[in-house]
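Peer 1: Below is the file target-v9.txt, which contains compact mmCIF, C-alpha atoms.
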```txt
# COMPACT_ATOMS: atom_id res chain seq x y z
CA MET A 620 113.01 84.26 -102.19
CA TYR A 621 114.26 87.45 -100.60
CA GLU A 622 114.02 89.37 -103.87
CA LEU A 623 110.53 88.06 -104.43
CA GLU A 624 109.42 89.45 -101.10
CA ILE A 625 110.91 92.84 -101.95
CA ALA A 626 109.06 92.83 -105.28
CA GLU A 627 105.81 92.05 -103.51
CA VAL A 628 106.28 94.92 -101.14
CA ARG A 629 107.01 97.33 -103.99
CA LEU A 630 103.98 96.19 -105.88
CA THR A 631 101.79 96.76 -102.86
CA ARG A 632 103.16 100.21 -102.31
CA ARG A 633 102.64 101.13 -105.95
CA GLN A 634 99.09 99.92 -105.79
CA VAL A 635 98.50 101.99 -102.73
CA VAL A 636 99.98 105.09 -104.34
CA ALA A 637 98.00 104.62 -107.55
CA ALA A 638 94.68 103.93 -105.89
CA GLY A 639 94.83 106.13 -102.87
CA GLY A 640 97.19 108.95 -103.84
CA ALA A 641 94.50 111.57 -103.99
CA ALA A 642 92.92 110.34 -100.79
CA ALA A 643 96.27 110.32 -99.00
CA LEU A 644 96.95 113.90 -100.13
CA THR A 645 93.58 114.99 -98.80
CA ALA A 646 94.25 113.25 -95.50
CA ALA A 647 97.67 114.87 -95.24
CA LEU A 648 96.19 118.31 -95.87
CA ALA A 649 93.50 117.62 -93.30
CA GLY A 650 96.22 116.64 -90.85
CA LEU A 651 98.03 119.91 -91.46
CA MET A 652 94.87 121.91 -90.86
CA PRO A 653 93.05 120.22 -88.00
CA ALA A 654 89.37 121.08 -87.82
CA VAL A 655 89.57 121.37 -84.04
CA ALA A 656 91.85 124.03 -82.61
CA GLU A 657 93.71 123.63 -79.37
CA ALA A 658 93.06 125.76 -76.31
CA SER A 659 95.55 128.22 -74.89
CA PRO A 660 96.55 129.27 -71.37
CA LYS A 661 94.19 132.23 -71.84
CA ASP A 662 91.24 129.84 -72.08
CA VAL A 663 92.26 128.22 -68.82
CA LYS A 664 92.45 131.64 -67.16
CA LYS A 665 88.97 132.41 -68.47
CA THR A 666 87.61 129.07 -67.27
CA LEU A 667 89.19 129.58 -63.85
CA ALA A 668 87.66 133.04 -63.62
CA GLU A 669 84.25 131.58 -64.46
CA LEU A 670 84.65 128.85 -61.85
CA THR A 671 85.83 131.16 -59.10
CA GLY A 672 83.72 134.18 -59.95
CA GLY A 673 86.79 136.39 -59.64
CA ALA A 674 87.84 135.14 -56.19
CA PRO A 675 91.60 135.19 -55.56
CA LEU A 676 93.53 132.00 -56.26
CA ASN A 677 95.71 130.82 -53.39
CA GLU A 678 98.70 128.57 -53.86
CA GLY A 679 99.60 125.53 -51.81
CA ARG A 680 97.63 122.66 -50.23
CA ILE A 681 97.42 120.83 -53.56
CA ALA A 682 99.82 118.06 -54.50
CA ILE A 683 99.76 116.78 -58.08
CA ASP A 684 101.51 113.59 -59.06
CA VAL A 685 101.88 113.41 -62.82
CA PRO A 686 104.76 111.95 -64.83
CA PRO A 687 107.09 114.79 -65.94
CA TYR A 688 107.67 112.97 -69.22
CA THR A 689 105.47 110.50 -71.04
CA GLN A 690 105.55 108.81 -74.41
CA TYR A 691 101.83 108.07 -74.53
CA GLY A 692 99.46 110.97 -74.03
CA LYS A 693 96.26 108.97 -74.31
CA GLN A 694 96.54 107.53 -70.83
CA VAL A 695 98.44 109.71 -68.39
CA ARG A 696 98.05 108.80 -64.75
CA ILE A 697 97.40 111.77 -62.51
CA ALA A 698 96.94 111.71 -58.76
CA VAL A 699 95.77 114.79 -56.91
CA SER A 700 95.59 115.26 -53.17
CA VAL A 701 94.40 118.29 -51.25
CA ASP A 702 95.47 118.99 -47.68
CA SER A 703 92.11 119.24 -45.92
CA PRO A 704 90.64 117.53 -42.85
CA MET A 705 87.29 117.10 -44.66
CA SER A 706 85.40 117.93 -41.45
CA ALA A 707 81.90 119.36 -41.50
CA ASP A 708 83.03 123.01 -41.57
CA ASP A 709 86.40 122.71 -43.34
CA ARG A 710 86.22 120.61 -46.45
CA VAL A 711 86.84 120.59 -50.18
CA THR A 712 83.61 120.85 -52.14
CA ALA A 713 84.92 120.54 -55.69
CA LEU A 714 88.10 119.88 -57.61
CA HIS A 715 88.64 120.88 -61.23
CA VAL A 716 91.34 119.55 -63.53
CA LEU A 717 92.25 121.76 -66.52
CA ALA A 718 94.74 121.23 -69.32
CA GLU A 719 96.09 124.38 -70.95
CA ARG A 720 96.67 123.02 -74.44
CA ASN A 721 94.07 120.33 -74.85
CA THR A 722 91.30 120.90 -77.39
CA VAL A 723 88.87 121.48 -74.56
CA PRO A 724 90.69 122.78 -71.47
CA GLU A 725 88.26 121.25 -68.99
CA VAL A 726 89.29 117.68 -68.24
CA ALA A 727 87.15 116.70 -65.28
CA SER A 728 85.41 118.15 -62.24
CA TYR A 729 84.97 116.22 -59.02
CA HIS A 730 82.38 117.02 -56.38
CA PHE A 731 82.71 115.74 -52.83
CA GLY A 732 79.54 114.80 -51.00
CA ALA A 733 78.71 114.31 -47.33
CA LEU A 734 80.43 110.92 -47.05
CA ALA A 735 83.61 111.76 -48.96
CA GLY A 736 86.91 110.97 -47.29
CA GLU A 737 90.15 112.86 -47.62
CA VAL A 738 90.80 114.21 -51.10
CA ARG A 739 93.17 111.83 -52.78
CA ILE A 740 91.99 110.93 -56.24
CA SER A 741 93.73 109.09 -59.01
CA THR A 742 92.62 108.89 -62.64
CA ARG A 743 93.86 108.66 -66.23
CA ILE A 744 93.61 111.66 -68.57
CA ARG A 745 94.44 112.58 -72.16
CA VAL A 746 97.26 115.07 -72.63
CA ALA A 747 97.36 116.37 -76.20
CA ARG A 748 100.90 117.78 -76.09
CA THR A 749 103.51 119.13 -73.71
CA GLN A 750 101.68 121.52 -71.41
CA ILE A 751 100.86 122.61 -67.90
CA LEU A 752 98.01 120.95 -66.03
CA VAL A 753 96.09 123.15 -63.62
CA VAL A 754 94.12 121.83 -60.66
CA ALA A 755 91.74 124.12 -58.77
CA ALA A 756 90.15 123.20 -55.46
CA GLU A 757 87.03 124.88 -54.16
CA MET A 758 86.88 125.00 -50.36
CA SER A 759 83.75 125.12 -48.22
CA ASP A 760 84.64 128.62 -46.96
CA GLY A 761 84.54 129.93 -50.54
CA THR A 762 88.27 130.21 -51.11
CA PHE A 763 90.11 128.63 -54.01
CA HIS A 764 93.48 126.94 -54.24
CA VAL A 765 95.36 126.14 -57.43
CA GLY A 766 98.21 123.81 -58.20
CA LYS A 767 100.12 123.34 -61.42
CA ALA A 768 102.18 120.55 -62.89
CA ARG A 769 104.00 120.25 -66.19
CA CYS A 770 103.71 117.15 -68.31
CA LYS A 771 106.00 116.69 -71.28
CA VAL A 772 104.64 114.50 -74.04
CA ALA A 773 107.01 112.90 -76.52
CA ARG A 774 106.79 114.11 -80.12
CA GLY A 775 103.93 112.27 -81.75
CA GLY A 776 102.70 110.85 -78.47
CA GLY A 777 99.71 113.12 -77.89
CA GLY A 778 96.36 111.99 -76.65
CA CYS A 779 94.05 114.17 -78.83
CA GLY A 780 92.27 115.36 -75.70
CA MET B 232 83.98 96.38 -74.74
CA GLU B 233 80.65 98.17 -74.32
CA ASN B 234 79.04 95.06 -72.88
CA LYS B 235 81.51 94.69 -70.06
CA ILE B 236 80.19 95.68 -66.68
CA PRO B 237 82.20 98.25 -64.71
CA GLN B 238 84.71 97.03 -62.18
CA VAL B 239 84.47 98.31 -58.62
CA LYS B 240 86.59 97.44 -55.62
CA VAL B 241 85.95 98.39 -52.00
CA PRO B 242 87.17 96.72 -48.80
CA ALA B 243 84.83 93.97 -47.61
CA VAL B 244 85.17 95.00 -43.96
CA VAL B 245 85.52 98.60 -42.77
CA THR B 246 85.88 100.45 -39.49
CA PRO B 247 83.14 103.12 -39.22
CA GLY B 248 84.55 106.59 -39.78
CA GLU B 249 87.80 105.51 -41.39
CA ASP B 250 88.78 106.51 -44.92
CA ILE B 251 88.44 103.68 -47.39
CA LEU B 252 89.76 103.52 -50.92
CA VAL B 253 87.16 103.08 -53.64
CA ARG B 254 88.49 101.99 -57.01
CA THR B 255 86.34 102.09 -60.13
CA LYS B 256 86.82 101.36 -63.78
CA ALA B 257 84.15 101.56 -66.46
CA TRP B 258 84.59 100.10 -69.92
CA HIS B 259 83.74 102.79 -72.45
CA PRO B 260 85.44 104.19 -75.60
CA MET B 261 84.93 107.88 -74.55
CA GLU B 262 84.70 109.08 -78.16
CA THR B 263 85.44 112.80 -78.40
CA GLY B 264 83.56 113.31 -81.66
CA TRP B 265 86.69 114.57 -83.45
CA ARG B 266 88.17 111.25 -84.50
CA GLU B 267 87.88 110.21 -88.14
CA THR B 268 88.09 106.76 -89.58
CA HIS B 269 90.29 106.01 -92.59
CA ASP B 270 87.37 106.52 -95.00
CA GLY B 271 86.69 110.01 -93.67
CA GLN B 272 83.68 109.25 -91.50
CA THR B 273 83.55 111.17 -88.24
CA VAL B 274 82.95 108.92 -85.27
CA PRO B 275 80.02 110.41 -83.35
CA ARG B 276 80.68 111.76 -79.89
CA ASN B 277 79.93 109.35 -77.10
CA ARG B 278 81.49 110.04 -73.75
CA ILE B 279 80.64 109.28 -70.18
CA ASN B 280 79.73 112.75 -68.95
CA LYS B 281 78.73 112.04 -65.37
CA PHE B 282 79.77 109.65 -62.65
CA VAL B 283 77.83 109.38 -59.41
CA CYS B 284 78.62 107.37 -56.29
CA THR B 285 76.12 107.10 -53.43
CA PHE B 286 76.15 105.13 -50.19
CA ASP B 287 72.70 104.00 -49.03
CA GLY B 288 71.23 106.99 -50.89
CA THR B 289 73.66 109.59 -49.50
CA ASP B 290 75.89 111.43 -51.94
CA VAL B 291 79.54 110.43 -51.62
CA PHE B 292 81.27 111.58 -54.76
CA SER B 293 80.36 112.70 -58.25
CA ALA B 294 82.37 113.73 -61.26
CA ASP B 295 81.82 115.53 -64.57
CA PHE B 296 83.95 114.13 -67.35
CA HIS B 297 84.93 116.10 -70.45
CA SER B 298 86.87 115.00 -73.51
CA GLY B 299 90.17 114.97 -71.61
CA VAL B 300 89.37 111.82 -69.67
CA SER B 301 90.90 108.68 -71.14
CA GLU B 302 88.87 105.81 -72.50
CA ASN B 303 87.86 103.16 -69.98
CA PRO B 304 87.85 105.80 -67.25
CA TYR B 305 89.66 104.66 -64.14
CA LEU B 306 89.00 106.63 -60.98
CA THR B 307 89.86 106.14 -57.35
CA PHE B 308 88.75 108.23 -54.41
CA ARG B 309 88.21 107.92 -50.68
CA ALA B 310 84.97 107.57 -48.75
CA ARG B 311 84.23 107.83 -45.03
CA VAL B 312 81.23 105.62 -44.33
CA PRO B 313 79.34 105.47 -41.04
CA GLY B 314 78.76 101.71 -41.08
CA ALA B 315 77.77 98.76 -43.21
CA GLY B 316 75.89 99.46 -46.39
CA VAL B 317 75.87 99.39 -50.16
CA PHE B 318 77.73 101.65 -52.57
CA GLU B 319 75.86 102.41 -55.80
CA PHE B 320 77.81 103.63 -58.83
CA GLU B 321 76.39 105.12 -62.03
CA TRP B 322 78.10 106.23 -65.21
CA HIS B 323 75.91 108.33 -67.55
CA ALA B 324 76.95 108.39 -71.21
CA ASP B 325 76.11 110.89 -73.97
CA ASP B 326 73.97 108.35 -75.83
CA GLY B 327 71.68 108.00 -72.81
CA SER B 328 72.98 104.65 -71.64
CA VAL B 329 73.76 104.22 -67.97
CA LEU B 330 76.33 101.79 -66.61
CA ARG B 331 75.66 100.62 -63.08
CA ALA B 332 77.57 98.78 -60.41
CA SER B 333 77.20 98.25 -56.70
CA ALA B 334 79.41 97.06 -53.88
CA ARG B 335 78.63 96.05 -50.31
CA VAL B 336 80.76 96.81 -47.29
CA GLY B 337 80.42 95.26 -43.86
CA VAL B 338 81.61 96.14 -40.38
CA ALA B 339 84.00 93.93 -38.42
CA GLY B 340 82.26 91.84 -35.80
CA ALA B 341 78.77 92.47 -37.20
```
Write the structure described by the file as structure tokens, please.
Peer 2:
Amino acid sequence: MYELEIAEVRLTRRQVVAAGGAAALTAALAGLMPAVAEASPKDVKKTLAELTGGAPLNEGRIAIDVPPYTQYGKQVRIAVSVDSPMSADDRVTALHVLAERNTVPEVASYHFGALAGEVRISTRIRVARTQILVVAAEMSDGTFHVGKARCKVARGGGGCG
Amino acid sequence: MENKIPQVKVPAVVTPGEDILVRTKAWHPMETGWRETHDGQTVPRNRINKFVCTFDGTDVFSADFHSGVSENPYLTFRARVPGAGVFEFEWHADDGSVLRASARVGVAGA
């Protein structure tokens, strides 16, 4: 019985190789040369410069909670909070999440309206590979704050983001 | 999955002026447009690109999503509402469909 099962498995594999060998080779080549390139930290710098219009980037006031190591990049929980009273004249107007080595570095932008409370958001993002996540907050007085966090993704655990 | 209505949770009773937690989850595949099926067909791009939350017509929170947001986008944020009213949520997808949800909050003693 055991041997029979082994034979069945071998037969199936042979069939697969015979029928789909060429297709598998093509797929493997396509995997080696992905049609979509990944971004680089330079792209994030460029995007940040576009967002800020060249304004200086201040550090601090942003806390990012992201797992330092994950095995599944398709759903990575990220929580961002910005130290701001959210009063009428001192508030956060927008928050941008960028990933340095995703296919498209922009992940999401959040805009805070008149009735927004304190800035503490939580969401799930795709992290394509081990990289640094950048969060930029736009304040109502025109200044910008950035925070960074590193997320390590296990080999083969990327999220194709 | 596409037919499921989004899930939204807000407190039933709020104190005016306090920060309340708003939790949302839409059911959507968030296709990036880069994925291929086993027979080599590219799955067309279909993402939620915009999320809008309003409270009685006043803007509370909005978000632009790109390809880096996971499928079935989960999002929580905080709102500071002046009193009882209705939250309206909208998720706009690339294919033109709009997912909608609403949630009512009340004030204690009212």
Peer 1: Find the residues around Ile681 of chain A up to 9 Å (all atoms listed in the file counted), leave out those fewer than 3 positions away in its own chain, and share them as a list in words.
Peer 2: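 Returned residues: Glu678, Val699, Ser700, Val701, Asp702, Val754, Ala755, Ala756, His764, Val765, Gly766 and Lys767 of chain A.
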Peer 1: Do me a favour and pick out the residues of chain A within 7 Å of chain B, using all atoms listed in the file, as a list in words.
Peer 2: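 Residues of chain A within 7 Å of chain B, counting all atoms listed in the file: Lys693, Gln694, Val723, Glu725, Val726, Ala727, Ser728, Tyr729, His730, Phe731, Gly732, Ala733, Leu734, Ala735, Gly736, Glu737, Val738, Arg739, Ile740, Ser741, Thr742, Arg743, Ile744, Arg745 and Gly780 of chain A.
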Peer 1: Can you measure atom CA of Ser759 of chain A to atom CA of Pro704 of chain A for me? One decimal in Å is fine.
Peer 2: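 Between atom CA of Ser759 of chain A and atom CA of Pro704 of chain A the gap is 11.6 Å.
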Peer 1: Within 6 Å of (106.2, 114.6, -67.9), all atoms listed in the file: residues as a PyMOL selection string?
Peer 2: chain A and resi 686-689+770-771
Peer 1: At a cut-off of 10 Å, using only C-alpha atoms, what residues contact Asp662 of chain A? Leave out same-chain residues fewer than 6 positions from it and give the result as a PyMOL selection string.
Peer 2: chain A and resi 668+717-720+723-725
Peer 1: Any chance you could export the current selection's C-alpha atoms as a JSON list (two decimals), keeping the file's coordinate frame?
Peer 2:
```json
[["chain", "number", "residue", "atom", "x", "y", "z"],
["A", 668, "ALA", "CA", 87.66, 133.04, -63.62],
["A", 717, "LEU", "CA", 92.25, 121.76, -66.52],
["A", 718, "ALA", "CA", 94.74, 121.23, -69.32],
["A", 719, "GLU", "CA", 96.09, 124.38, -70.95],
["A", 720, "ARG", "CA", 96.67, 123.02, -74.44],
["A", 723, "VAL", "CA", 88.87, 121.48, -74.56],
["A", 724, "PRO", "CA", 90.69, 122.78, -71.47],
["A", 725, "GLU", "CA", 88.26, 121.25, -68.99]]
```
Peer 1: Just how far from atom CA of Glu321 of chain B is atom CA of Ser333 of chain B, in Å to one decimal?
Peer 2: 8.7 Å
Peer 1: Closest to Glu657 of chain A among A:Ile683, A:Val753, A:Met758, A:Ala747, using only C-alpha atoms?
Peer 2: A:Ala747
Peer 1: Please determine, counting all atoms listed in the file, which residue among B:Arg278, B:His259, B:His323, B:Arg335 has the shortest atom-to-atom distance to Pro237 of chain B.
Peer 2: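 When distances to Pro237 of chain B are compared using all atoms listed in the file, the smallest one comes from B:His259.
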Peer 1: Any idea what the distance is between atom CA of Thr762 of chain A and atom CA of Leu667 of chain A?
Peer 2: 12.8 Å
Peer 1: Which residue, B:Val338, B:Glu262, B:Asn277, B:Asp287, has the smallest gap to Glu319 of chain B when you use all atoms listed in the file?
Peer 2: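 Among the listed residues, B:Asp287 lies closest to Glu319 of chain B.
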Peer 1: With distances taken over only C-alpha atoms, which residue among B:Gly264, B:Gly337, B:Gly314, B:Arg331 lies nearest Pro247 of chain B?
Peer 2: B:Gly314
